[in-house]
file start30.txt (compact mmCIF, C-alpha atoms and all ligand atoms)
# COMPACT_ATOMS: atom_id res chain seq x y z
CA MET E 26 -47.18 58.66 -46.06
CA GLN E 27 -48.69 58.51 -42.60
CA SER E 28 -51.41 56.10 -43.65
CA GLU E 29 -48.91 53.97 -45.47
CA ALA E 30 -46.90 53.50 -42.31
CA THR E 31 -49.96 52.70 -40.22
CA ILE E 32 -51.32 50.16 -42.60
CA LYS E 33 -47.98 48.52 -43.03
CA ASN E 34 -47.72 48.25 -39.27
CA SER E 35 -51.09 46.66 -38.93
CA SER E 36 -50.24 44.09 -41.56
CA GLY E 37 -47.09 43.30 -39.61
CA GLN E 38 -49.25 42.83 -36.53
CA SER E 39 -51.74 40.59 -38.19
CA SER E 40 -49.10 38.23 -39.44
CA LEU E 41 -47.63 38.08 -35.98
CA SER E 42 -50.87 36.52 -34.88
CA ALA E 43 -50.22 33.34 -36.76
CA GLY E 44 -50.57 34.92 -40.17
CA ASP E 45 -54.26 35.25 -39.32
CA GLU E 46 -55.61 35.04 -42.84
CA ALA E 47 -58.84 36.84 -42.10
CA GLY E 48 -57.05 39.82 -40.64
CA LYS E 49 -54.57 39.84 -43.45
CA ASN E 50 -57.12 39.87 -46.21
CA LYS E 51 -58.85 42.75 -44.55
CA THR E 52 -55.62 44.65 -44.43
CA VAL E 53 -55.02 44.06 -48.08
CA LYS E 54 -58.53 45.22 -48.98
CA ASP E 55 -58.36 48.31 -46.80
CA SER E 56 -54.99 49.25 -48.08
CA SER E 57 -56.02 49.78 -51.68
CA SER E 58 -54.57 53.26 -51.31
CA VAL E 59 -51.20 51.87 -50.27
CA LYS E 60 -48.73 51.52 -53.05
CA LYS E 61 -47.75 47.87 -52.92
CA THR E 62 -44.75 46.90 -54.94
CA ASP E 63 -44.01 43.59 -56.56
CA ILE E 64 -40.46 43.33 -55.34
CA SER E 65 -38.33 44.89 -52.66
CA ILE E 66 -34.58 44.52 -52.80
CA VAL E 67 -32.84 44.86 -49.44
CA VAL E 68 -29.12 45.65 -49.39
CA PRO E 69 -27.02 46.02 -46.21
CA VAL E 70 -24.23 48.55 -46.68
CA TYR E 71 -21.22 49.00 -44.45
CA ASN E 72 -18.26 50.98 -45.78
CA GLU E 73 -18.85 50.23 -49.44
CA GLU E 74 -18.35 53.69 -50.97
CA GLU E 75 -16.56 52.48 -54.08
CA SER E 76 -18.96 49.66 -54.84
CA LEU E 77 -22.16 51.67 -54.53
CA PRO E 78 -22.19 53.51 -57.89
CA HIS E 79 -21.55 50.21 -59.70
CA LEU E 80 -24.20 48.48 -57.63
CA TYR E 81 -26.70 51.17 -58.52
CA ALA E 82 -25.93 50.92 -62.23
CA SER E 83 -26.27 47.16 -62.42
CA LEU E 84 -29.35 46.94 -60.17
CA ALA E 85 -31.16 49.73 -62.01
CA ALA E 86 -30.37 48.16 -65.39
CA VAL E 87 -31.83 44.79 -64.36
CA LEU E 88 -34.87 46.13 -62.51
CA GLU E 89 -35.93 48.67 -65.12
CA LYS E 90 -35.98 45.94 -67.74
CA MET E 91 -38.47 43.83 -65.81
CA ASP E 92 -42.13 44.73 -66.03
CA LYS E 93 -42.62 44.70 -62.28
CA THR E 94 -42.85 47.50 -59.76
CA TYR E 95 -39.87 47.57 -57.47
CA GLU E 96 -38.09 49.38 -54.68
CA VAL E 97 -34.55 49.03 -53.44
CA ILE E 98 -33.92 49.62 -49.75
CA LEU E 99 -30.29 50.35 -49.04
CA VAL E 100 -29.51 50.21 -45.34
CA ASP E 101 -26.41 52.10 -44.29
CA ASP E 102 -25.23 50.18 -41.25
CA GLY E 103 -23.29 53.07 -39.68
CA SER E 104 -20.64 53.37 -42.40
CA ARG E 105 -17.65 55.51 -41.53
CA ASP E 106 -16.61 56.23 -45.11
CA ASP E 107 -18.45 58.18 -47.78
CA SER E 108 -21.13 55.54 -48.32
CA TYR E 109 -24.00 57.67 -47.03
CA ALA E 110 -23.22 60.54 -49.41
CA LYS E 111 -23.12 58.03 -52.27
CA LEU E 112 -26.47 56.65 -51.16
CA VAL E 113 -28.03 60.11 -51.07
CA ASP E 114 -26.82 60.67 -54.66
CA ILE E 115 -28.46 57.45 -55.70
CA HIS E 116 -31.74 58.36 -54.00
CA ASN E 117 -31.75 61.74 -55.72
CA LYS E 118 -31.27 60.08 -59.07
CA ASN E 119 -33.93 57.43 -58.60
CA LYS E 120 -36.62 57.59 -55.93
CA ASN E 121 -37.22 53.84 -56.13
CA PHE E 122 -33.93 53.56 -54.27
CA LYS E 123 -34.73 54.27 -50.63
CA ILE E 124 -32.12 54.82 -47.96
CA ILE E 125 -32.18 53.91 -44.29
CA ARG E 126 -29.27 55.10 -42.18
CA PHE E 127 -28.41 53.55 -38.83
CA ARG E 128 -26.95 55.69 -36.07
CA ARG E 129 -24.11 53.25 -35.60
CA ASN E 130 -22.98 49.86 -36.86
CA PHE E 131 -25.56 47.32 -35.68
CA GLY E 132 -24.48 44.46 -37.95
CA GLN E 133 -25.62 42.91 -41.18
CA THR E 134 -28.55 41.00 -39.67
CA GLN E 135 -30.05 44.11 -38.10
CA ALA E 136 -29.52 46.07 -41.31
CA MET E 137 -31.46 43.42 -43.20
CA ARG E 138 -34.17 43.36 -40.55
CA ALA E 139 -34.62 47.14 -40.89
CA GLY E 140 -35.01 46.63 -44.62
CA PHE E 141 -37.60 43.85 -44.13
CA ASP E 142 -39.57 45.95 -41.63
CA ASN E 143 -39.91 48.76 -44.13
CA ALA E 144 -40.28 46.80 -47.36
CA LEU E 145 -43.55 47.03 -49.26
CA GLY E 146 -42.85 44.20 -51.71
CA GLU E 147 -44.71 40.94 -52.01
CA VAL E 148 -41.35 39.34 -52.62
CA ILE E 149 -38.22 40.46 -50.81
CA ILE E 150 -34.78 39.83 -52.24
CA THR E 151 -31.57 40.33 -50.31
CA LEU E 152 -28.21 41.02 -51.86
CA ASP E 153 -24.75 42.21 -50.76
CA ALA E 154 -23.56 45.69 -51.58
CA ASP E 155 -20.01 44.62 -52.43
CA LEU E 156 -20.78 43.42 -56.00
CA GLN E 157 -20.03 39.81 -55.08
CA ASN E 158 -23.64 38.92 -55.95
CA ASP E 159 -24.98 39.51 -59.44
CA PRO E 160 -28.29 41.41 -59.88
CA ASN E 161 -28.66 39.63 -63.23
CA ASP E 162 -29.64 36.50 -61.30
CA ILE E 163 -32.77 38.20 -59.96
CA PRO E 164 -35.18 37.56 -62.86
CA ALA E 165 -34.45 33.84 -62.87
CA MET E 166 -34.95 33.67 -59.11
CA LEU E 167 -38.34 35.34 -59.43
CA GLU E 168 -39.32 32.92 -62.16
CA LYS E 169 -38.39 30.04 -59.90
CA MET E 170 -40.44 31.57 -57.14
CA GLU E 171 -43.49 31.69 -59.36
CA GLU E 172 -43.35 27.90 -59.53
CA GLY E 173 -44.71 28.07 -56.00
CA TYR E 174 -41.71 28.35 -53.70
CA ASP E 175 -41.61 30.44 -50.52
CA ILE E 176 -37.86 30.88 -50.55
CA VAL E 177 -35.40 30.73 -53.43
CA SER E 178 -31.87 30.54 -52.15
CA GLY E 179 -28.77 31.42 -54.15
CA TRP E 180 -25.97 28.89 -54.30
CA ARG E 181 -22.49 30.25 -54.93
CA LYS E 182 -21.37 27.16 -56.78
CA ASN E 183 -18.26 28.92 -57.91
CA ARG E 184 -17.49 30.85 -54.77
CA GLN E 185 -14.76 33.48 -54.95
CA ASP E 186 -13.55 33.73 -51.37
CA LYS E 187 -10.53 32.56 -49.41
CA LEU E 188 -10.32 28.77 -49.21
CA PHE E 189 -9.19 28.10 -45.64
CA SER E 190 -10.71 30.91 -43.68
CA ARG E 191 -14.01 31.12 -45.54
CA ARG E 192 -14.91 28.33 -47.92
CA MET E 193 -13.87 25.30 -45.86
CA PRO E 194 -15.60 26.30 -42.63
CA SER E 195 -18.62 27.19 -44.69
CA VAL E 196 -18.84 23.74 -46.29
CA ILE E 197 -18.79 22.12 -42.85
CA ALA E 198 -21.33 24.57 -41.44
CA ASN E 199 -23.67 24.07 -44.37
CA ARG E 200 -23.58 20.28 -44.02
CA LEU E 201 -24.22 20.55 -40.31
CA ILE E 202 -27.14 22.95 -40.69
CA SER E 203 -28.66 20.86 -43.48
CA ARG E 204 -28.63 17.78 -41.29
CA LEU E 205 -29.74 19.42 -38.09
CA PHE E 206 -32.66 21.22 -39.65
CA ASN E 207 -33.43 18.81 -42.41
CA VAL E 208 -33.39 21.66 -44.92
CA HIS E 209 -31.04 20.56 -47.61
CA ILE E 210 -29.37 23.49 -49.26
CA HIS E 211 -25.69 23.86 -50.06
CA ASP E 212 -25.08 27.48 -49.29
CA TYR E 213 -26.71 29.12 -46.31
CA GLY E 214 -24.20 31.96 -46.37
CA CYS E 215 -25.19 33.37 -49.74
CA THR E 216 -26.99 36.66 -49.16
CA LEU E 217 -28.70 36.53 -52.56
CA LYS E 218 -32.02 34.97 -51.61
CA ALA E 219 -35.66 35.68 -52.41
CA TYR E 220 -38.43 35.37 -49.83
CA LYS E 221 -42.20 35.68 -49.85
CA ARG E 222 -42.96 38.49 -47.46
CA ASP E 223 -45.15 36.55 -45.04
CA ILE E 224 -42.25 34.19 -44.35
CA LEU E 225 -40.18 37.10 -43.12
CA ASP E 226 -43.08 38.55 -41.12
CA ASN E 227 -43.10 35.40 -39.03
CA ILE E 228 -39.43 35.34 -38.22
CA GLU E 229 -37.39 37.26 -35.69
CA LEU E 230 -33.73 37.83 -36.36
CA TYR E 231 -31.06 38.19 -33.74
CA GLY E 232 -27.28 37.96 -33.71
CA GLU E 233 -25.94 36.75 -37.03
CA MET E 234 -29.05 34.88 -37.93
CA HIS E 235 -29.93 36.25 -41.34
CA ARG E 236 -27.99 33.32 -42.77
CA TYR E 237 -30.31 30.73 -41.35
CA ILE E 238 -33.65 32.14 -42.36
CA PRO E 239 -34.37 28.99 -44.42
CA ALA E 240 -33.63 26.82 -41.37
CA VAL E 241 -35.58 29.03 -39.00
CA ALA E 242 -38.46 29.22 -41.47
CA SER E 243 -38.56 25.45 -41.71
CA TRP E 244 -40.54 25.28 -38.45
CA MET E 245 -43.52 26.85 -40.13
CA GLY E 246 -43.33 24.62 -43.17
CA VAL E 247 -41.93 26.32 -46.26
CA LYS E 248 -41.07 25.26 -49.78
CA ILE E 249 -37.47 26.08 -50.54
CA ALA E 250 -35.65 25.98 -53.86
CA GLU E 251 -31.95 26.40 -54.43
CA MET E 252 -30.46 27.93 -57.52
CA PRO E 253 -26.85 28.33 -58.65
CA VAL E 254 -25.93 32.02 -58.90
CA ASN E 255 -22.89 33.95 -59.98
CA HIS E 256 -20.29 35.03 -57.47
CA TYR E 257 -17.40 37.43 -57.94
CA PRO E 258 -14.35 38.33 -55.90
CA ARG E 259 -14.59 41.53 -53.89
CA LYS E 260 -13.26 44.38 -56.02
CA PHE E 261 -13.38 47.28 -53.59
CA GLY E 262 -13.10 47.68 -49.85
CA LYS E 263 -12.49 44.95 -47.30
CA ALA E 264 -14.43 41.86 -46.25
CA LYS E 265 -16.08 42.55 -42.90
CA TYR E 266 -15.67 39.09 -41.44
CA GLY E 267 -12.79 36.69 -40.84
CA ILE E 268 -12.23 33.24 -39.42
CA SER E 269 -13.72 34.26 -36.05
CA ARG E 270 -17.14 34.14 -37.65
CA THR E 271 -16.93 30.33 -37.61
CA VAL E 272 -17.28 30.23 -33.84
CA ARG E 273 -20.20 32.62 -33.91
CA VAL E 274 -21.85 30.50 -36.56
CA ILE E 275 -21.59 27.42 -34.34
CA ILE E 276 -23.05 29.28 -31.36
CA ASP E 277 -25.92 30.48 -33.52
CA ILE E 278 -26.60 26.98 -34.80
CA ILE E 279 -26.86 25.63 -31.25
CA THR E 280 -29.20 28.45 -30.28
CA ILE E 281 -31.44 28.02 -33.29
CA LYS E 282 -31.57 24.26 -32.95
CA PHE E 283 -32.58 24.63 -29.34
CA LEU E 284 -35.15 27.32 -30.04
CA LEU E 285 -36.70 25.39 -32.88
CA THR E 286 -36.79 21.97 -31.29
CA TYR E 287 -37.22 22.50 -27.60
CA SER E 288 -38.23 26.05 -26.79
CA LYS E 289 -41.89 25.05 -26.91
CA LYS E 290 -41.32 22.13 -24.55
CA PRO E 291 -38.23 22.78 -22.41
CA MET E 292 -39.39 20.32 -19.77
CA GLN E 293 -39.20 17.57 -22.38
CA ILE E 294 -35.45 17.91 -22.74
CA PHE E 295 -34.33 19.23 -19.35
CA GLY E 296 -36.84 17.15 -17.48
CA LEU E 297 -35.87 13.92 -19.20
CA ILE E 298 -32.15 14.36 -18.61
CA GLY E 299 -32.85 15.53 -15.07
CA VAL E 300 -35.13 12.69 -14.06
CA LEU E 301 -32.73 10.08 -15.47
CA ALA E 302 -29.72 11.63 -13.73
CA ALA E 303 -31.55 12.03 -10.42
CA LEU E 304 -32.63 8.38 -10.52
CA VAL E 305 -29.12 7.12 -11.27
CA GLY E 306 -27.72 9.33 -8.50
CA LEU E 307 -30.35 8.20 -6.05
CA VAL E 308 -29.84 4.49 -6.70
CA LEU E 309 -26.05 4.83 -6.40
CA THR E 310 -26.23 6.83 -3.17
CA LEU E 311 -28.72 4.45 -1.62
CA TRP E 312 -26.58 1.47 -2.56
CA LEU E 313 -23.49 3.03 -0.98
CA ILE E 314 -25.43 3.83 2.18
CA ILE E 315 -26.76 0.28 2.40
CA GLU E 316 -23.23 -1.05 2.00
CA ARG E 317 -22.06 1.28 4.78
CA ILE E 318 -24.80 0.35 7.21
CA PHE E 319 -25.21 -3.38 6.57
CA PHE E 320 -21.81 -4.45 5.28
CA ASN E 321 -19.74 -1.93 7.19
CA ILE E 322 -17.83 -0.75 4.10
CA SER E 323 -16.32 2.68 4.74
CA LEU E 324 -17.60 5.62 2.67
CA GLY E 325 -14.70 8.01 3.24
CA ASN E 326 -12.37 6.47 0.66
CA ARG E 327 -14.98 6.05 -2.09
CA PRO E 328 -15.05 8.83 -4.69
CA LEU E 329 -18.17 7.22 -6.17
CA PHE E 330 -20.10 8.55 -3.20
CA ILE E 331 -19.33 12.15 -4.09
CA LEU E 332 -19.99 11.48 -7.75
CA SER E 333 -23.37 9.95 -7.09
CA ILE E 334 -24.41 12.91 -4.96
CA PHE E 335 -23.37 15.24 -7.78
CA ILE E 336 -25.35 13.26 -10.31
CA PHE E 337 -28.41 13.36 -8.07
CA LEU E 338 -28.19 17.11 -7.42
CA GLY E 339 -27.44 17.80 -11.09
CA GLY E 340 -30.57 15.88 -12.03
CA ILE E 341 -32.70 17.89 -9.63
CA GLN E 342 -31.26 21.08 -11.10
CA PHE E 343 -32.12 20.00 -14.61
CA VAL E 344 -35.70 19.31 -13.62
CA THR E 345 -35.98 22.73 -12.01
CA MET E 346 -34.49 24.36 -15.10
CA GLY E 347 -37.00 22.59 -17.27
CA LEU E 348 -39.82 23.90 -15.09
CA LEU E 349 -38.43 27.42 -15.20
CA GLY E 350 -38.13 27.09 -18.97
CA GLU E 351 -41.78 26.08 -19.16
CA ILE E 352 -42.81 29.12 -17.17
CA MET E 353 -40.73 31.44 -19.34
CA MET E 354 -42.00 29.90 -22.55
CA ARG E 355 -45.59 30.35 -21.40
CA THR E 356 -44.98 33.91 -20.26
CA TYR E 357 -43.42 34.67 -23.62
CA HIS E 358 -46.20 33.27 -25.74
CA GLU E 359 -49.03 34.55 -23.59
CA GLY E 360 -47.46 37.92 -22.86
CA THR E 361 -46.61 38.71 -26.47
CA GLY E 362 -49.65 37.03 -27.95
CA LYS E 363 -47.26 35.05 -30.14
CA PRO E 364 -48.87 31.82 -31.26
CA THR E 365 -47.06 28.52 -31.37
CA TYR E 366 -48.25 27.79 -34.90
CA VAL E 367 -48.58 29.44 -38.29
CA ILE E 368 -51.70 29.10 -40.42
CA LYS E 369 -51.46 28.90 -44.17
CA ASN E 370 -55.14 29.00 -45.18
CA PHE E 371 -58.35 29.31 -43.21
CA LEU E 372 -61.51 28.64 -45.21
CA LYS E 373 -64.44 29.91 -43.21
CA ASP E 374 -67.64 31.17 -44.75
N1 LIG E 401 -22.32 44.49 -43.79
C1 LIG E 401 -23.14 45.26 -42.99
N2 LIG E 401 -22.80 45.43 -41.65
C2 LIG E 401 -21.72 44.81 -41.10
C3 LIG E 401 -20.92 43.99 -41.93
C4 LIG E 401 -21.25 43.85 -43.26
O1 LIG E 401 -24.12 45.84 -43.45
O2 LIG E 401 -21.49 45.00 -39.90
C5 LIG E 401 -22.67 44.32 -45.22
C6 LIG E 401 -21.54 44.61 -46.18
O3 LIG E 401 -21.50 45.97 -46.54
C7 LIG E 401 -21.92 43.73 -47.35
C8 LIG E 401 -22.57 42.54 -46.71
O4 LIG E 401 -22.98 42.97 -45.42
O5 LIG E 401 -22.85 44.36 -48.21
C9 LIG E 401 -21.65 41.33 -46.62
O6 LIG E 401 -20.43 41.68 -46.04
P1 LIG E 401 -19.05 41.05 -46.55
O7 LIG E 401 -18.94 41.18 -48.02
O8 LIG E 401 -17.94 41.63 -45.74
O9 LIG E 401 -19.27 39.53 -46.14
P2 LIG E 401 -18.95 38.24 -47.02
O10 LIG E 401 -19.35 38.51 -48.45
O11 LIG E 401 -17.52 38.04 -46.89
O12 LIG E 401 -19.78 37.19 -46.38
MG MG E 402 -18.89 39.98 -49.64

call {"tool": "encode", "arguments": {"input": "start30.txt", "output": "structure tokens"}}
result
Amino acid sequence: MQSEATIKNSSGQSSLSAGDEAGKNKTVKDSSSVKKTDISIVVPVYNEEESLPHLYASLAAVLEKMDKTYEVILVDDGSRDDSYAKLVDIHNKNKNFKIIRFRRNFGQTQAMRAGFDNALGEVIITLDADLQNDPNDIPAMLEKMEEGYDIVSGWRKNRQDKLFSRRMPSVIANRLISRLFNVHIHDYGCTLKAYKRDILDNIELYGEMHRYIPAVASWMGVKIAEMPVNHYPRKFGKAKYGISRTVRVIIDIITIKFLLTYSKKPMQIFGLIGVLAALVGLVLTLWLIIERIFFNISLGNRPLFILSIFIFLGGIQFVTMGLLGEIMMRTYHEGTGKPTYVIKNFLKD
């Protein structure tokens, strides 16, 4: 067990360093004693006591039929109902079902992250615990993946959620994300997705970001397929999110867009805006001063004077922010040893 954890850690490390292929291959060779599995299923669970026995039955039925090794990692995200007891029952019945329990509710994204960090599978599939996703879609998704995709994303073509609070905002958000990130899928929100493990090793997840893994992954160049999947209304328990999620989604989109496009060159965006603004402000101020001195036009009753000073100062501030951003970006990449690129293959000797 000990060695398993160590080796897994070191493989996590090696992929941090730009998926350093050499290091990775070594890890794989050395870890012949580690039980690798073909697939890991990661399921976030928060107050889903009634759904869990059904989830177990349908997952086990599908997975046992496939001739692949598997594990299911159920992450109890600080449930306050009987979910944990149900999970322990499941683990006692079938040791392929592993349970992680959080101390408190950290949120769906963190629950999924904990699952990814501990998954041994070459392919990792995520799925909701509330029976809205259908485990029977898994074999087809794996088949699709074997055609050479890095991510296969479920598309709830026939989505069974509330129209105004959930489906409409989601259509708009999906369009927006598709355009902004140039990753054209219809349904970012569907949890049922399959990923190659090295994709997930190269991604950090904060906030509510598990939804945008395909968009975030796009920076490293991935092949993504989308596949219609079944979707059912929630039978038990309550949905954990409402309309307020829309705002959070927008905030996350802005953050991700910024991080992906400009975090490696903050001076390019802040500096450009700043230099332009400072120039405009400077020219305006100078002009007003010339008018005052040579044409004797009073400054006191001209709001443009104040505005031009603001524009100038704002510009200077933007430039300084860009420089600070550059320093922070460098500190981050050099301090953490995180590269600014991801290697796919490295043919050496
Ligand atoms: N979930 C979680 N932590 C949370 C909220 C939700 O682990 O803080 C889990 C929940 O148990 C479910 C999945 O995330 O398995 C999706 O939640 P929900 O069904 O409420 O979201 P929706 O399907 O409406 O997007
Ligand atoms: Mg749900």

call {"tool": "closest_atom_pairs", "arguments": {"input": "start30.txt", "of": "chain E", "to": "ligand LIG 401 (chain E)", "cutoff": "7 Å", "atoms": "all atoms listed in the file", "output": "CSV"}}
result
residue,atom,partner,partner_atom,distance
E:Val68,CA,E:LIG401,O5,6.5
E:Pro69,CA,E:LIG401,O1,4.0
E:Val70,CA,E:LIG401,O3,3.8
E:Tyr71,CA,E:LIG401,O3,3.7
E:Asn72,CA,E:LIG401,O3,6.0
E:Glu73,CA,E:LIG401,O3,5.8
E:Asp101,CA,E:LIG401,O1,6.7
E:Asp102,CA,E:LIG401,O1,5.0
E:Asn130,CA,E:LIG401,O2,5.9
E:Phe131,CA,E:LIG401,O2,6.3
E:Gly132,CA,E:LIG401,O2,3.6
E:Gln133,CA,E:LIG401,N2,3.8
E:Ala136,CA,E:LIG401,O1,5.8
E:Asp153,CA,E:LIG401,O5,3.8
E:Ala154,CA,E:LIG401,O5,3.7
E:Asp155,CA,E:LIG401,O5,5.1
E:Gln157,CA,E:LIG401,O10,6.8
E:Gly214,CA,E:LIG401,O12,6.8
E:Lys263,CA,E:LIG401,O8,6.6
E:Ala264,CA,E:LIG401,O8,3.6
E:Lys265,CA,E:LIG401,O8,3.5
E:Tyr266,CA,E:LIG401,O8,5.5

call {"tool": "closest_residue", "arguments": {"input": "start30.txt", "among": "E:Lys363, E:Lys93, E:Arg236, E:Lys260", "to": "ligand MG 402 (chain E)", "atoms": "all atoms listed in the file"}}
result
E:Lys260

call {"tool": "residues_around", "arguments": {"input": "start30.txt", "residues": "region 190-199 of chain E", "least_positions_apart": "3", "cutoff": "10 Å", "atoms": "all atoms listed in the file", "output": "MDAnalysis selection string"}}
result
chainID E and resid 184:187 202:205 209:214 237 266:272 274:275 278

call {"tool": "atom_distance", "arguments": {"input": "start30.txt", "atom1": "CA of Tyr109 (chain E)", "atom2": "CA of Leu225 (chain E)"}}
result
26.5 Å

call {"tool": "atom_distance", "arguments": {"input": "start30.txt", "atom1": "CA of Val208 (chain E)", "atom2": "CA of Asp223 (chain E)"}}
result
19.0 Å

call {"tool": "residues_around", "arguments": {"input": "start30.txt", "residues": "Thr345 (chain E)", "least_positions_apart": "3", "cutoff": "12 Å", "atoms": "only C-alpha atoms", "output": "ChimeraX atom specification"}}
result
/E:291-292,294-300,303,338-342,348-352

call {"tool": "residues_around", "arguments": {"input": "start30.txt", "residues": "region 242-244 of chain E", "least_positions_apart": "3", "cutoff": "10 Å", "atoms": "only C-alpha atoms", "output": "list in words"}}
result
Asp175, Ile176, Phe206, Asn207, Val208, Ile224, Leu225, Asn227, Ile228, Glu229, Tyr237, Ile238, Pro239, Val247, Lys248, Ile249, Leu285, Thr286, Tyr366 and Val367 of chain E

call {"tool": "atom_distance", "arguments": {"input": "start30.txt", "atom1": "CA of Pro364 (chain E)", "atom2": "CA of Lys290 (chain E)"}}
result
14.0 Å

call {"tool": "residues_around", "arguments": {"input": "start30.txt", "residues": "Ala219 (chain E)", "least_positions_apart": "3", "cutoff": "10 Å", "atoms": "all atoms listed in the file", "output": "list in words"}}
result
Ile64, Ser65, Ile66, Val148, Ile149, Ile150, Thr151, Leu152, Ile163, Met166, Leu167, Lys169, Met170, Tyr174, Asp175, Ile176, Val177, Ser178, Gly179, Thr216, Arg222, Ile249 and Ala250 of chain E

call {"tool": "residues_around", "arguments": {"input": "start30.txt", "residues": "Lys289 (chain E)", "least_positions_apart": "4", "cutoff": "10 Å", "atoms": "all atoms listed in the file", "output": "JSON, numbers by chain"}}
result
{"E": [283, 284, 285, 293, 350, 351, 353, 354, 355, 358, 365]}

call {"tool": "closest_atom_pairs", "arguments": {"input": "start30.txt", "of": "region 244-308 of chain E", "to": "region 329-332 of chain E", "cutoff": "12 Å", "atoms": "all atoms listed in the file", "output": "CSV"}}
result
residue,atom,partner,partner_atom,distance
E:Ala302,CA,E:Leu332,CA,11.4
E:Ala303,CA,E:Leu332,CA,11.9
E:Val305,CA,E:Leu332,CA,10.7
E:Gly306,CA,E:Leu332,CA,8.1
E:Leu307,CA,E:Phe330,CA,10.6
E:Val308,CA,E:Phe330,CA,11.1

call {"tool": "write_last_selection", "arguments": {"input": "start30.txt", "atoms": "C-alpha atoms", "output": "PDB file, in the coordinates of the input"}}
result
ATOM      1  CA  ALA E 302     -29.720  11.630 -13.730  1.00  0.00           C
ATOM      2  CA  ALA E 303     -31.550  12.030 -10.420  1.00  0.00           C
ATOM      3  CA  VAL E 305     -29.120   7.120 -11.270  1.00  0.00           C
ATOM      4  CA  GLY E 306     -27.720   9.330  -8.500  1.00  0.00           C
ATOM      5  CA  LEU E 307     -30.350   8.200  -6.050  1.00  0.00           C
ATOM      6  CA  VAL E 308     -29.840   4.490  -6.700  1.00  0.00           C
TER       7      VAL E 308
END

call {"tool": "build_atoms", "arguments": {"input": "start30.txt", "residues": "region 206-217 of chain E", "atoms": "N, CA and C atoms", "output": "mmCIF file, in the coordinates of the input"}}
result
data_model
loop_
_atom_site.group_PDB
_atom_site.id
_atom_site.type_symbol
_atom_site.label_atom_id
_atom_site.label_comp_id
_atom_site.auth_asym_id
_atom_site.auth_seq_id
_atom_site.Cartn_x
_atom_site.Cartn_y
_atom_site.Cartn_z
ATOM 1 N N PHE E 206 -31.346 20.626 -39.429
ATOM 2 C CA PHE E 206 -32.660 21.220 -39.650
ATOM 3 C C PHE E 206 -33.432 20.527 -40.755
ATOM 4 N N ASN E 207 -32.768 19.531 -41.365
ATOM 5 C CA ASN E 207 -33.430 18.810 -42.410
ATOM 6 C C ASN E 207 -33.888 19.715 -43.557
ATOM 7 N N VAL E 208 -33.123 20.770 -43.784
ATOM 8 C CA VAL E 208 -33.390 21.660 -44.920
ATOM 9 C C VAL E 208 -32.139 21.569 -45.774
ATOM 10 N N HIS E 209 -32.260 20.885 -46.907
ATOM 11 C CA HIS E 209 -31.040 20.560 -47.610
ATOM 12 C C HIS E 209 -30.673 21.571 -48.673
ATOM 13 N N ILE E 210 -29.946 22.600 -48.261
ATOM 14 C CA ILE E 210 -29.370 23.490 -49.260
ATOM 15 C C ILE E 210 -27.862 23.580 -49.039
ATOM 16 N N HIS E 211 -27.157 23.915 -50.101
ATOM 17 C CA HIS E 211 -25.690 23.860 -50.060
ATOM 18 C C HIS E 211 -25.053 25.106 -49.481
ATOM 19 N N ASP E 212 -25.762 26.220 -49.549
ATOM 20 C CA ASP E 212 -25.080 27.480 -49.290
ATOM 21 C C ASP E 212 -25.960 28.414 -48.476
ATOM 22 N N TYR E 213 -25.925 28.226 -47.155
ATOM 23 C CA TYR E 213 -26.710 29.120 -46.310
ATOM 24 C C TYR E 213 -26.168 30.536 -46.345
ATOM 25 N N GLY E 214 -24.851 30.654 -46.514
ATOM 26 C CA GLY E 214 -24.200 31.960 -46.370
ATOM 27 C C GLY E 214 -24.458 32.938 -47.486
ATOM 28 N N CYS E 215 -25.007 32.462 -48.608
ATOM 29 C CA CYS E 215 -25.190 33.370 -49.740
ATOM 30 C C CYS E 215 -26.297 34.382 -49.415
ATOM 31 N N THR E 216 -25.967 35.658 -49.501
ATOM 32 C CA THR E 216 -26.990 36.660 -49.160
ATOM 33 C C THR E 216 -28.071 36.738 -50.233
ATOM 34 N N LEU E 217 -27.711 36.423 -51.477
ATOM 35 C CA LEU E 217 -28.700 36.530 -52.560
ATOM 36 C C LEU E 217 -29.774 35.457 -52.390
#
